[in-house]
file model_27.tsv (TSV, C-alpha atoms)
chain	number	residue	atom	x	y	z
A	212	MET	CA	0.00	0.00	0.00
A	213	THR	CA	1.21	3.48	-0.79
A	214	VAL	CA	1.29	6.42	1.61
A	215	LEU	CA	-1.80	7.85	-0.06
A	216	GLU	CA	-3.72	4.64	0.51
A	217	TRP	CA	-2.76	4.65	4.19
A	218	LEU	CA	-4.00	8.23	4.47
A	219	ILE	CA	-7.30	7.34	2.78
A	220	SER	CA	-7.70	4.27	4.97
A	221	GLY	CA	-7.13	6.32	8.10
A	222	LEU	CA	-9.73	8.88	7.08
A	223	LEU	CA	-12.20	6.14	6.14
A	224	CYS	CA	-11.77	4.32	9.46
A	225	ALA	CA	-12.19	7.54	11.46
A	226	GLY	CA	-15.31	8.40	9.45
A	227	ALA	CA	-16.85	4.96	9.90
A	228	LEU	CA	-16.15	5.02	13.65
A	229	PHE	CA	-17.80	8.42	14.05
A	230	VAL	CA	-20.83	7.30	12.03
A	231	LEU	CA	-21.09	4.22	14.25
A	232	LEU	CA	-20.71	6.41	17.34
A	233	GLY	CA	-23.65	8.56	16.22
A	234	SER	CA	-25.83	5.47	15.91
A	235	VAL	CA	-24.69	4.11	19.28
A	236	ALA	CA	-25.50	7.47	20.86
A	237	LEU	CA	-28.94	7.33	19.27
A	238	LEU	CA	-29.56	3.93	20.79
A	239	LYS	CA	-27.97	4.38	24.20
A	240	LEU	CA	-28.68	7.86	25.57
A	241	PRO	CA	-31.70	8.19	27.85
A	242	ASP	CA	-34.03	10.84	26.38
A	243	PHE	CA	-34.77	12.52	23.05
A	244	TYR	CA	-32.92	15.75	23.85
A	245	THR	CA	-29.65	13.97	24.55
A	246	ARG	CA	-30.10	11.51	21.68
A	247	LEU	CA	-30.28	14.44	19.27
A	248	HIS	CA	-26.61	15.26	19.96
A	249	GLY	CA	-25.31	12.00	18.47
A	250	PRO	CA	-26.56	12.31	14.89
A	251	THR	CA	-26.06	16.08	14.60
A	252	LYS	CA	-22.43	16.03	15.66
A	253	ALA	CA	-20.82	12.62	15.36
A	254	THR	CA	-22.54	11.51	12.15
A	255	THR	CA	-21.91	14.84	10.42
A	256	LEU	CA	-18.22	14.76	11.28
A	257	GLY	CA	-17.99	11.11	10.21
A	258	LEU	CA	-19.49	11.96	6.86
A	259	GLY	CA	-17.12	14.92	6.51
A	260	SER	CA	-14.20	12.57	7.07
A	261	LEU	CA	-15.53	10.07	4.50
A	262	VAL	CA	-15.97	12.88	1.98
A	263	LEU	CA	-12.39	14.00	2.56
A	264	ALA	CA	-11.18	10.42	1.98
A	265	SER	CA	-13.16	10.18	-1.23
A	266	MET	CA	-11.84	13.54	-2.45
A	267	VAL	CA	-8.27	12.42	-1.81
A	268	PHE	CA	-8.91	9.09	-3.54
A	269	PHE	CA	-10.39	10.49	-6.74
A	270	ASN	CA	-8.37	13.67	-7.10
A	271	LEU	CA	-4.92	12.47	-6.01
A	272	GLN	CA	-4.97	8.68	-6.38
A	273	LEU	CA	-6.92	8.37	-9.62
A	274	GLN	CA	-6.01	11.87	-10.88
A	275	THR	CA	-9.57	12.64	-12.02
A	276	LEU	CA	-11.42	15.82	-11.19
A	277	SER	CA	-14.17	15.06	-8.70
A	278	LEU	CA	-15.96	17.81	-6.79
A	279	GLN	CA	-19.45	16.45	-6.19
A	280	GLN	CA	-18.51	15.04	-2.78
A	281	LEU	CA	-17.64	18.57	-1.72
A	282	LEU	CA	-21.22	19.57	-2.52
A	283	ILE	CA	-22.56	16.68	-0.41
A	284	ALA	CA	-20.42	17.78	2.55
A	285	LEU	CA	-21.37	21.44	2.12
A	286	PHE	CA	-25.06	20.61	1.96
A	287	LEU	CA	-24.93	18.34	5.00
A	288	PHE	CA	-23.03	20.85	7.11
A	289	ILE	CA	-25.68	23.43	6.28
A	290	SER	CA	-28.70	21.16	6.72
A	291	ALA	CA	-27.70	19.26	9.89
A	292	PRO	CA	-28.24	22.22	12.29
A	293	VAL	CA	-31.55	23.08	10.61
A	294	THR	CA	-32.81	19.50	11.00
A	295	ALA	CA	-31.69	19.42	14.64
A	296	HIS	CA	-33.40	22.72	15.33
A	297	MET	CA	-36.68	21.55	13.77
A	298	LEU	CA	-36.56	18.22	15.63
A	299	ILE	CA	-35.96	19.81	19.03
A	300	LYS	CA	-38.83	22.22	18.32
A	301	VAL	CA	-41.08	19.21	17.66
A	302	ALA	CA	-39.88	17.59	20.89
A	303	MET	CA	-40.66	20.71	22.93
A	304	HIS	CA	-44.02	21.09	21.23
A	305	HIS	CA	-44.96	17.51	22.12
A	306	LYS	CA	-43.54	17.97	25.66
A	307	LEU	CA	-41.42	14.82	25.51
A	308	LYS	CA	-40.13	13.48	28.84
A	309	HIS	CA	-36.76	14.76	30.13
A	310	TYR	CA	-34.11	12.61	31.66
A	311	GLN	CA	-34.32	12.87	35.47
A	312	ASN	CA	-30.93	14.64	35.81
A	313	THR	CA	-31.90	17.46	33.45
A	314	GLN	CA	-31.19	20.92	34.87
A	315	GLY	CA	-32.96	24.15	34.05
A	316	VAL	CA	-36.26	22.62	32.94
A	317	ASP	CA	-38.00	25.78	34.21
A	318	LYS	CA	-36.41	27.73	31.35
A	319	LEU	CA	-38.60	25.96	28.79
A	320	PRO	CA	-41.34	28.19	27.39
A	321	ALA	CA	-44.81	27.59	28.84
A	322	ASP	CA	-46.15	26.78	25.42
B	125	MET	CA	-26.43	49.31	-8.40
B	126	ARG	CA	-28.91	47.07	-6.62
B	127	ASN	CA	-30.57	46.07	-9.87
B	128	SER	CA	-27.48	45.45	-11.96
B	129	LEU	CA	-26.27	41.98	-12.93
B	130	PHE	CA	-23.19	42.31	-10.72
B	131	ALA	CA	-24.92	43.44	-7.53
B	132	THR	CA	-24.13	40.26	-5.57
B	133	PRO	CA	-20.62	39.08	-6.46
B	134	LEU	CA	-20.34	36.61	-3.56
B	135	ARG	CA	-23.59	34.85	-4.39
B	136	SER	CA	-22.75	34.71	-8.10
B	137	GLY	CA	-19.32	33.29	-7.40
B	138	LEU	CA	-20.76	30.63	-5.11
B	139	LEU	CA	-23.38	29.65	-7.70
B	140	PHE	CA	-20.66	29.39	-10.35
B	141	LEU	CA	-18.51	27.13	-8.18
B	142	VAL	CA	-21.47	24.91	-7.29
B	143	TRP	CA	-22.40	24.61	-10.96
B	144	CYS	CA	-18.85	23.52	-11.89
B	145	ALA	CA	-18.74	21.05	-8.99
B	146	LEU	CA	-22.11	19.62	-9.96
B	147	HIS	CA	-20.85	18.95	-13.50
B	148	ASN	CA	-17.46	17.73	-12.32
B	149	SER	CA	-15.71	19.49	-15.18
B	150	VAL	CA	-14.27	22.80	-16.29
B	151	SER	CA	-14.97	22.45	-20.01
B	152	PRO	CA	-15.86	25.66	-21.90
B	153	VAL	CA	-19.56	24.77	-22.20
B	154	VAL	CA	-19.91	24.29	-18.45
B	155	LEU	CA	-17.94	27.46	-17.71
B	156	LEU	CA	-19.99	29.59	-20.09
B	157	SER	CA	-23.39	28.27	-19.01
B	158	GLY	CA	-22.30	28.55	-15.39
B	159	LEU	CA	-21.28	32.15	-15.88
B	160	LEU	CA	-24.61	32.93	-17.52
B	161	LEU	CA	-26.65	31.23	-14.79
B	162	ALA	CA	-24.55	32.69	-11.98
B	163	LEU	CA	-25.30	36.17	-13.26
B	164	LEU	CA	-28.94	35.58	-14.17
B	165	ILE	CA	-30.24	33.68	-11.14
B	166	PRO	CA	-29.41	36.33	-8.50
B	167	TRP	CA	-30.76	38.96	-10.87
B	168	VAL	CA	-34.07	37.16	-11.41
B	169	SER	CA	-34.52	36.42	-7.71
B	170	ARG	CA	-33.43	39.88	-6.49
B	171	GLY	CA	-36.95	40.77	-5.34
B	172	PHE	CA	-37.41	37.65	-3.23
B	173	ARG	CA	-34.85	38.45	-0.56
B	174	GLU	CA	-34.87	40.74	2.40
B	175	ALA	CA	-31.85	42.99	2.76
B	176	GLN	CA	-29.30	41.28	5.02
B	177	PRO	CA	-26.22	42.82	6.63
B	178	GLN	CA	-23.18	42.41	4.41
B	179	ILE	CA	-20.04	40.58	5.44
B	180	LYS	CA	-17.54	43.34	6.08
B	181	ARG	CA	-14.42	41.38	6.93
B	182	TYR	CA	-13.85	38.35	4.71
B	183	GLY	CA	-10.52	37.36	6.29
B	184	LEU	CA	-12.08	37.16	9.72
B	185	PHE	CA	-14.99	35.17	8.30
B	186	GLY	CA	-12.59	32.62	6.83
B	187	ARG	CA	-10.82	32.33	10.15
B	188	TYR	CA	-14.16	31.92	11.90
B	189	LEU	CA	-15.11	29.02	9.57
B	190	LEU	CA	-11.78	27.28	10.21
B	191	MET	CA	-12.22	27.77	13.96
B	192	VAL	CA	-15.72	26.24	13.80
B	193	LEU	CA	-14.37	23.26	11.82
B	194	TRP	CA	-11.69	22.70	14.45
B	195	ASP	CA	-14.26	23.04	17.24
B	196	ILE	CA	-16.45	20.40	15.57
B	197	VAL	CA	-13.60	17.90	15.86
B	198	VAL	CA	-12.95	18.82	19.51
B	199	ALA	CA	-16.67	18.69	20.34
B	200	ASN	CA	-16.90	15.21	18.86
B	201	LEU	CA	-14.15	13.90	21.09
B	202	GLN	CA	-16.19	15.26	24.00
B	203	VAL	CA	-19.31	13.50	22.67
B	204	VAL	CA	-17.29	10.26	22.45
B	205	LYS	CA	-16.44	10.60	26.12
B	206	VAL	CA	-20.04	11.25	27.11
B	207	VAL	CA	-21.51	8.48	24.97
B	208	LEU	CA	-19.08	5.83	26.19
B	209	GLY	CA	-19.59	6.87	29.83
B	210	ARG	CA	-22.44	5.71	32.06
B	211	ASN	CA	-25.87	7.16	31.55
B	212	SER	CA	-26.34	7.96	35.23
B	213	ALA	CA	-23.27	10.23	35.18
B	214	LEU	CA	-24.91	12.33	32.47
B	215	LYS	CA	-25.90	15.89	33.40
B	216	PRO	CA	-27.90	17.42	30.55
B	217	GLY	CA	-29.54	20.82	30.95
B	218	PHE	CA	-31.26	23.78	29.36
B	219	VAL	CA	-29.49	27.14	29.24
B	220	LEU	CA	-30.64	30.59	28.15
B	221	LEU	CA	-28.00	32.46	26.15
B	222	PRO	CA	-28.57	36.25	26.16
B	223	LEU	CA	-28.04	37.65	22.67
B	224	ASP	CA	-26.51	40.88	21.44
B	225	LEU	CA	-27.00	40.08	17.75
B	226	LYS	CA	-30.32	41.08	16.19
B	227	GLU	CA	-30.20	40.54	12.42
B	228	PRO	CA	-31.49	37.20	11.06
B	229	LEU	CA	-28.42	36.19	9.03
B	230	PRO	CA	-25.79	36.50	11.81
B	231	LEU	CA	-28.25	34.87	14.22
B	232	THR	CA	-28.68	31.91	11.86
B	233	ILE	CA	-24.92	31.47	11.54
B	234	LEU	CA	-24.56	31.71	15.34
B	235	ALA	CA	-27.31	29.10	15.90
B	236	ALA	CA	-25.79	26.76	13.31
B	237	SER	CA	-22.28	26.99	14.77
B	238	ILE	CA	-23.62	26.46	18.29
B	239	CYS	CA	-25.54	23.45	17.00
B	240	LEU	CA	-22.49	21.83	15.42
B	241	THR	CA	-19.97	22.56	18.13
B	242	PRO	CA	-19.59	22.22	21.85
B	243	GLY	CA	-22.16	19.70	23.06
B	244	THR	CA	-25.06	22.10	22.57
B	245	VAL	CA	-28.13	22.28	20.31
B	246	SER	CA	-29.96	25.55	19.81
B	247	ALA	CA	-33.65	25.05	20.44
B	248	GLU	CA	-35.63	28.26	20.34
B	249	LEU	CA	-35.38	32.04	20.07
B	250	LEU	CA	-37.19	33.67	23.00
B	251	PRO	CA	-39.18	35.87	23.14
B	252	ARG	CA	-40.33	36.00	19.56
B	253	GLN	CA	-40.74	39.78	19.26
B	254	ALA	CA	-37.57	41.31	17.91
B	255	ASP	CA	-37.73	44.58	19.85
B	256	THR	CA	-37.29	43.04	23.32
B	257	PRO	CA	-33.94	41.56	24.45
B	258	GLN	CA	-33.74	38.09	22.97
B	259	TYR	CA	-32.45	34.80	24.33
B	260	LEU	CA	-31.42	31.60	22.61
B	261	LEU	CA	-32.61	28.48	24.41
B	262	LEU	CA	-29.92	25.78	24.27
B	263	HIS	CA	-29.86	22.15	25.24
B	264	VAL	CA	-26.48	21.11	26.64
B	265	LEU	CA	-25.38	17.48	26.64
B	266	ASP	CA	-23.06	17.75	29.62
B	267	LEU	CA	-23.66	20.88	31.69
B	268	GLN	CA	-20.88	21.57	34.20
B	269	ASP	CA	-20.94	25.31	34.81
B	270	GLU	CA	-23.60	27.50	33.24
B	271	GLU	CA	-21.80	30.84	33.70
B	272	THR	CA	-18.58	29.64	32.09
B	273	LEU	CA	-20.43	28.08	29.16
B	274	ILE	CA	-22.39	31.27	28.42
B	275	ARG	CA	-19.27	33.43	28.68
B	276	GLU	CA	-17.33	31.08	26.43
B	277	LEU	CA	-20.05	30.93	23.77
B	278	LYS	CA	-20.46	34.70	23.70
B	279	GLN	CA	-16.76	35.35	23.48
B	280	ARG	CA	-15.92	32.56	21.04
B	281	TYR	CA	-18.78	32.78	18.55
B	282	GLU	CA	-20.87	35.90	19.04
B	283	ALA	CA	-18.09	38.47	19.33
B	284	PRO	CA	-16.36	37.46	16.03
B	285	LEU	CA	-19.72	37.43	14.25
B	286	GLN	CA	-20.43	40.95	15.46
B	287	GLU	CA	-17.08	42.01	14.12
B	288	ILE	CA	-17.57	40.22	10.78
B	289	PHE	CA	-20.92	41.83	10.11
B	290	ALA	CA	-19.85	45.08	11.80
B	291	CYS	CA	-23.03	45.20	13.87
B	292	SER	CA	-23.43	47.77	16.59
B	293	VAL	CA	-22.24	46.24	19.85
C	226	MET	CA	-5.50	-4.91	1.36
C	227	PHE	CA	-7.06	-1.59	0.40
C	228	SER	CA	-10.26	-3.20	-0.84
C	229	LEU	CA	-10.40	-5.28	2.36
C	230	ILE	CA	-10.30	-2.07	4.40
C	231	LEU	CA	-13.06	-0.66	2.22
C	232	LEU	CA	-15.17	-3.74	2.84
C	233	GLY	CA	-14.54	-3.44	6.59
C	234	VAL	CA	-15.58	0.22	6.57
C	235	MET	CA	-18.76	-0.68	4.70
C	236	ALA	CA	-19.49	-3.39	7.28
C	237	VAL	CA	-19.15	-0.85	10.10
C	238	ILE	CA	-21.54	1.54	8.34
C	239	ILE	CA	-24.03	-1.28	7.79
C	240	LEU	CA	-23.78	-2.09	11.49
C	241	ALA	CA	-24.58	1.56	12.21
C	242	LEU	CA	-27.59	1.29	9.88
C	243	CYS	CA	-28.81	-1.78	11.78
C	244	LEU	CA	-28.49	0.08	15.10
C	245	ASN	CA	-30.52	2.91	13.56
C	246	MET	CA	-33.15	0.39	12.53
C	247	LEU	CA	-33.36	-0.78	16.15
C	248	SER	CA	-33.88	2.73	17.47
C	249	LEU	CA	-36.39	3.36	14.66
C	250	LEU	CA	-38.38	0.35	15.83
C	251	ARG	CA	-38.03	1.23	19.52
C	252	GLY	CA	-39.29	4.81	19.32
C	253	PRO	CA	-40.97	5.61	21.67
C	254	ALA	CA	-42.16	9.02	20.39
C	255	VAL	CA	-42.68	10.02	16.77
C	256	ALA	CA	-39.80	12.49	17.05
C	257	ASP	CA	-37.42	9.67	18.03
C	258	ARG	CA	-38.43	7.66	14.99
C	259	LEU	CA	-38.00	10.70	12.77
C	260	LEU	CA	-34.51	11.30	14.16
C	261	ALA	CA	-33.59	7.66	13.54
C	262	LEU	CA	-34.90	7.90	9.97
C	263	ASP	CA	-32.89	11.07	9.35
C	264	THR	CA	-29.75	9.36	10.65
C	265	MET	CA	-30.45	6.43	8.32
C	266	TYR	CA	-30.53	8.84	5.38
C	267	ILE	CA	-27.12	10.23	6.33
C	268	ASN	CA	-25.68	6.76	6.90
C	269	SER	CA	-26.87	5.59	3.51
C	270	ILE	CA	-25.08	8.58	1.96
C	271	ALA	CA	-21.94	7.44	3.80
C	272	LEU	CA	-22.42	3.91	2.45
C	273	LEU	CA	-22.77	5.22	-1.11
C	274	LEU	CA	-19.62	7.33	-0.75
C	275	VAL	CA	-17.56	4.34	0.38
C	276	TYR	CA	-19.06	2.14	-2.31
C	277	GLY	CA	-18.13	4.80	-4.86
C	278	ILE	CA	-14.50	4.49	-3.77
C	279	TYR	CA	-14.76	0.67	-3.84
C	280	ALA	CA	-16.13	0.67	-7.39
C	281	SER	CA	-13.84	3.57	-8.47
C	282	SER	CA	-16.88	5.22	-10.00
C	283	GLN	CA	-18.27	8.70	-9.57
C	284	LEU	CA	-21.77	7.71	-10.67
C	285	TYR	CA	-22.91	7.02	-7.12
C	286	PHE	CA	-22.23	10.53	-5.88
C	287	GLU	CA	-25.15	11.99	-7.77
C	288	ALA	CA	-27.42	9.48	-6.07
C	289	ALA	CA	-25.87	10.47	-2.73
C	290	LEU	CA	-26.52	14.13	-3.47
C	291	LEU	CA	-30.16	13.35	-4.27
C	292	ILE	CA	-30.57	11.36	-1.04
C	293	ALA	CA	-29.06	14.26	0.91
C	294	MET	CA	-31.50	16.78	-0.53
C	295	LEU	CA	-34.60	14.58	-0.37
C	296	GLY	CA	-33.75	13.43	3.16
C	297	PHE	CA	-33.40	16.99	4.42
C	298	VAL	CA	-36.57	18.22	2.72
C	299	SER	CA	-38.69	15.29	3.85
C	300	THR	CA	-37.47	15.51	7.45
C	301	VAL	CA	-38.25	19.21	7.59
C	302	ALA	CA	-41.67	18.61	5.99
C	303	VAL	CA	-42.60	15.94	8.56
C	304	CYS	CA	-41.32	18.22	11.37
C	305	LYS	CA	-43.51	21.02	10.05
C	306	PHE	CA	-46.46	18.64	9.96
C	307	LEU	CA	-45.85	17.53	13.56
C	308	LEU	CA	-45.53	21.13	14.70
C	309	ARG	CA	-48.60	22.58	13.03
C	310	GLY	CA	-50.64	19.70	11.67
C	311	ASP	CA	-50.16	21.28	8.27
C	312	ILE	CA	-47.26	21.46	5.84
C	313	ILE	CA	-48.05	24.58	3.86
C	314	GLU	CA	-49.77	27.28	5.85
call {"tool": "encode", "arguments": {"input": "model_27.tsv", "output": "structure tokens"}}
result
Amino acid sequence: MTVLEWLISGLLCAGALFVLLGSVALLKLPDFYTRLHGPTKATTLGLGSLVLASMVFFNLQLQTLSLQQLLIALFLFISAPVTAHMLIKVAMHHKLKHYQNTQGVDKLPAD
Amino acid sequence: MRNSLFATPLRSGLLFLVWCALHNSVSPVVLLSGLLLALLIPWVSRGFREAQPQIKRYGLFGRYLLMVLWDIVVANLQVVKVVLGRNSALKPGFVLLPLDLKEPLPLTILAASICLTPGTVSAELLPRQADTPQYLLLHVLDLQDEETLIRELKQRYEAPLQEIFACSV
Amino acid sequence: MFSLILLGVMAVIILALCLNMLSLLRGPAVADRLLALDTMYINSIALLLVYGIYASSQLYFEAALLIAMLGFVSTVAVCKFLLRGDIIE
């Protein structure tokens, strides 16, 4: 394996681990509000890492111009916060249960 | 000036780059059609937008983006720690972040960077009327010290944004 | 060796997809299921990206781009529906 392949493999492994971490967080954490943190952060970073690996592979290893992955990453980094914001709004609207340790519940709006 | 084809150079440039990336090539046909579309689309849709504050300091904005990218990596290591720890040790919480920014575009960027970075998700802008002092309701994954967190967020994200958009402080 | 690593990475992502399926089935609230579905969208994009490298083909990235856009729009539409009981007001 060349140096470039090692670099790509490292990026791919990091990305896959972060994606897996997001899913584990989704399954393990106790309430909706904490579960939301897994997919918005870990999965987005994992995908960013995979995109970087794919950019390196196509542009440097195969020497072909490939920019579409950049668009995927750009779009996801813009849309992930919006999705999270909408989902937490839904959760507050439906008054989902908090985990017992949650602090500052009194700061939630009455409606 | 507002109605000319070249009124929004940043938006046109971005559209042009996205068009080239979408086609995966820089052949003359793609470049020409991209140039045409990049000039025409902002011109056609000029009436749809509200006036937003302009970015005044591009260098600082670039540095801000790099800082946010770095913070995303750091925040994820923190999330790893929290997720692999025990659930009963978890201390989530809601925090109100007092805001100095008022305009929609800087506020959106602030909410998005807070969402992607340090263990927080922005939930709601309170109260909804713009003329009263506004707060951003955040959910924090691991709340240790509220005061420190608020000070850090204001100093790390809000202050540079105020400088970038040259808002009144 | 390199293709073995690629296969391993794909296996990990598929494992993540299975975990998402579990949390999709578990719920308990509609918002939880929606979050799991949104994560499945993103994970399938990841799977397509890695498969694109494995097959050395750029064809799959357009599909990934489409999934990204449709996933975002549909999640926001369902959120809107849950918030107001109506998509277009």
call {"tool": "residues_around", "arguments": {"input": "model_27.tsv", "residues": "Pro253 of chain C", "least_positions_apart": "5", "cutoff": "12 Å", "atoms": "only C-alpha atoms", "output": "list in words"}}
result
Leu238, Pro241, Asp242, Phe243, Leu307 and Lys308 of chain A; Leu247, Ser248, Arg258, Leu259, Leu260 and Ala261 of chain C
call {"tool": "atom_distance", "arguments": {"input": "model_27.tsv", "atom1": "atom CA of Tyr259 of chain B", "atom2": "atom CA of Phe185 of chain B"}}
result
23.7 Å
call {"tool": "interface_residues", "arguments": {"input": "model_27.tsv", "of": "chain B", "to": "chain C", "cutoff": "12 Å", "atoms": "all atoms listed in the file", "output": "JSON list (two decimals) with C-alpha atoms, keeping the file's coordinate frame"}}
result
[["chain", "number", "residue", "atom", "x", "y", "z"],
["B", 145, "ALA", "CA", -18.74, 21.05, -8.99],
["B", 146, "LEU", "CA", -22.11, 19.62, -9.96],
["B", 147, "HIS", "CA", -20.85, 18.95, -13.50],
["B", 148, "ASN", "CA", -17.46, 17.73, -12.32]]
call {"tool": "interface_residues", "arguments": {"input": "model_27.tsv", "of": "chain A", "to": "chain B", "cutoff": "8 Å", "atoms": "only C-alpha atoms", "output": "PyMOL selection string"}}
result
chain A and resi 232+235-236+239-241+244-245+248-249+251-253+256+276-279+281-282+289+292-293+295-296+299-300+310+312-316+318-319
call {"tool": "write_last_selection", "arguments": {"input": "model_27.tsv", "atoms": "C-alpha atoms", "output": "PDB file, in the coordinates of the input"}}
result
ATOM      1  CA  LEU A 232     -20.710   6.410  17.340  1.00  0.00           C
ATOM      2  CA  VAL A 235     -24.690   4.110  19.280  1.00  0.00           C
ATOM      3  CA  ALA A 236     -25.500   7.470  20.860  1.00  0.00           C
ATOM      4  CA  LYS A 239     -27.970   4.380  24.200  1.00  0.00           C
ATOM      5  CA  LEU A 240     -28.680   7.860  25.570  1.00  0.00           C
ATOM      6  CA  PRO A 241     -31.700   8.190  27.850  1.00  0.00           C
ATOM      7  CA  TYR A 244     -32.920  15.750  23.850  1.00  0.00           C
ATOM      8  CA  THR A 245     -29.650  13.970  24.550  1.00  0.00           C
ATOM      9  CA  HIS A 248     -26.610  15.260  19.960  1.00  0.00           C
ATOM     10  CA  GLY A 249     -25.310  12.000  18.470  1.00  0.00           C
ATOM     11  CA  THR A 251     -26.060  16.080  14.600  1.00  0.00           C
ATOM     12  CA  LYS A 252     -22.430  16.030  15.660  1.00  0.00           C
ATOM     13  CA  ALA A 253     -20.820  12.620  15.360  1.00  0.00           C
ATOM     14  CA  LEU A 256     -18.220  14.760  11.280  1.00  0.00           C
ATOM     15  CA  LEU A 276     -11.420  15.820 -11.190  1.00  0.00           C
ATOM     16  CA  SER A 277     -14.170  15.060  -8.700  1.00  0.00           C
ATOM     17  CA  LEU A 278     -15.960  17.810  -6.790  1.00  0.00           C
ATOM     18  CA  GLN A 279     -19.450  16.450  -6.190  1.00  0.00           C
ATOM     19  CA  LEU A 281     -17.640  18.570  -1.720  1.00  0.00           C
ATOM     20  CA  LEU A 282     -21.220  19.570  -2.520  1.00  0.00           C
ATOM     21  CA  ILE A 289     -25.680  23.430   6.280  1.00  0.00           C
ATOM     22  CA  PRO A 292     -28.240  22.220  12.290  1.00  0.00           C
ATOM     23  CA  VAL A 293     -31.550  23.080  10.610  1.00  0.00           C
ATOM     24  CA  ALA A 295     -31.690  19.420  14.640  1.00  0.00           C
ATOM     25  CA  HIS A 296     -33.400  22.720  15.330  1.00  0.00           C
ATOM     26  CA  ILE A 299     -35.960  19.810  19.030  1.00  0.00           C
ATOM     27  CA  LYS A 300     -38.830  22.220  18.320  1.00  0.00           C
ATOM     28  CA  TYR A 310     -34.110  12.610  31.660  1.00  0.00           C
ATOM     29  CA  ASN A 312     -30.930  14.640  35.810  1.00  0.00           C
ATOM     30  CA  THR A 313     -31.900  17.460  33.450  1.00  0.00           C
ATOM     31  CA  GLN A 314     -31.190  20.920  34.870  1.00  0.00           C
ATOM     32  CA  GLY A 315     -32.960  24.150  34.050  1.00  0.00           C
ATOM     33  CA  VAL A 316     -36.260  22.620  32.940  1.00  0.00           C
ATOM     34  CA  LYS A 318     -36.410  27.730  31.350  1.00  0.00           C
ATOM     35  CA  LEU A 319     -38.600  25.960  28.790  1.00  0.00           C
TER      36      LEU A 319
END
call {"tool": "interface_residues", "arguments": {"input": "model_27.tsv", "of": "chain A", "to": "chain C", "cutoff": "8 Å", "atoms": "all atoms listed in the file", "output": "PyMOL selection string"}}
result
chain A and resi 212+216+220+223-224+227-228+230-231+234-235+237-238+243+247+250+254+258+261-262+265+268-269+277+279-280+282-283+286-287+290+294+297-298+300-302+304+307
call {"tool": "write_last_selection", "arguments": {"input": "model_27.tsv", "atoms": "C-alpha atoms", "output": "compact mmCIF listing (two decimals), in the frame of the given file"}}
result
# COMPACT_ATOMS: atom_id res chain seq x y z
CA MET A 212 0.00 0.00 0.00
CA GLU A 216 -3.72 4.64 0.51
CA SER A 220 -7.70 4.27 4.97
CA LEU A 223 -12.20 6.14 6.14
CA CYS A 224 -11.77 4.32 9.46
CA ALA A 227 -16.85 4.96 9.90
CA LEU A 228 -16.15 5.02 13.65
CA VAL A 230 -20.83 7.30 12.03
CA LEU A 231 -21.09 4.22 14.25
CA SER A 234 -25.83 5.47 15.91
CA VAL A 235 -24.69 4.11 19.28
CA LEU A 237 -28.94 7.33 19.27
CA LEU A 238 -29.56 3.93 20.79
CA PHE A 243 -34.77 12.52 23.05
CA LEU A 247 -30.28 14.44 19.27
CA PRO A 250 -26.56 12.31 14.89
CA THR A 254 -22.54 11.51 12.15
CA LEU A 258 -19.49 11.96 6.86
CA LEU A 261 -15.53 10.07 4.50
CA VAL A 262 -15.97 12.88 1.98
CA SER A 265 -13.16 10.18 -1.23
CA PHE A 268 -8.91 9.09 -3.54
CA PHE A 269 -10.39 10.49 -6.74
CA SER A 277 -14.17 15.06 -8.70
CA GLN A 279 -19.45 16.45 -6.19
CA GLN A 280 -18.51 15.04 -2.78
CA LEU A 282 -21.22 19.57 -2.52
CA ILE A 283 -22.56 16.68 -0.41
CA PHE A 286 -25.06 20.61 1.96
CA LEU A 287 -24.93 18.34 5.00
CA SER A 290 -28.70 21.16 6.72
CA THR A 294 -32.81 19.50 11.00
CA MET A 297 -36.68 21.55 13.77
CA LEU A 298 -36.56 18.22 15.63
CA LYS A 300 -38.83 22.22 18.32
CA VAL A 301 -41.08 19.21 17.66
CA ALA A 302 -39.88 17.59 20.89
CA HIS A 304 -44.02 21.09 21.23
CA LEU A 307 -41.42 14.82 25.51
call {"tool": "atom_distance", "arguments": {"input": "model_27.tsv", "atom1": "atom CA of Gly226 of chain A", "atom2": "atom CA of Leu295 of chain C"}}
result
22.5 Å
call {"tool": "atom_distance", "arguments": {"input": "model_27.tsv", "atom1": "atom CA of Ile288 of chain B", "atom2": "atom CA of Arg275 of chain B"}}
result
19.2 Å
call {"tool": "residues_around", "arguments": {"input": "model_27.tsv", "residues": "Pro284 of chain B", "least_positions_apart": "6", "cutoff": "10 Å", "atoms": "all atoms listed in the file", "output": "JSON list (two decimals) with C-alpha atoms, in the coordinates of the input"}}
result
[["chain", "number", "residue", "atom", "x", "y", "z"],
["B", 184, "LEU", "CA", -12.08, 37.16, 9.72],
["B", 185, "PHE", "CA", -14.99, 35.17, 8.30],
["B", 187, "ARG", "CA", -10.82, 32.33, 10.15],
["B", 188, "TYR", "CA", -14.16, 31.92, 11.90],
["B", 278, "LYS", "CA", -20.46, 34.70, 23.70],
["B", 290, "ALA", "CA", -19.85, 45.08, 11.80]]
call {"tool": "residues_around", "arguments": {"input": "model_27.tsv", "residues": "Leu129 of chain B", "least_positions_apart": "4", "cutoff": "8 Å", "atoms": "only C-alpha atoms", "output": "list in words"}}
result
Leu163, Leu164, Pro166 and Trp167 of chain B
call {"tool": "residues_around", "arguments": {"input": "model_27.tsv", "residues": "Leu161 of chain B", "least_positions_apart": "6", "cutoff": "9 Å", "atoms": "all atoms listed in the file", "output": "list of chain:residue names"}}
result
B:Ser136, B:Leu139, B:Phe140, B:Trp143
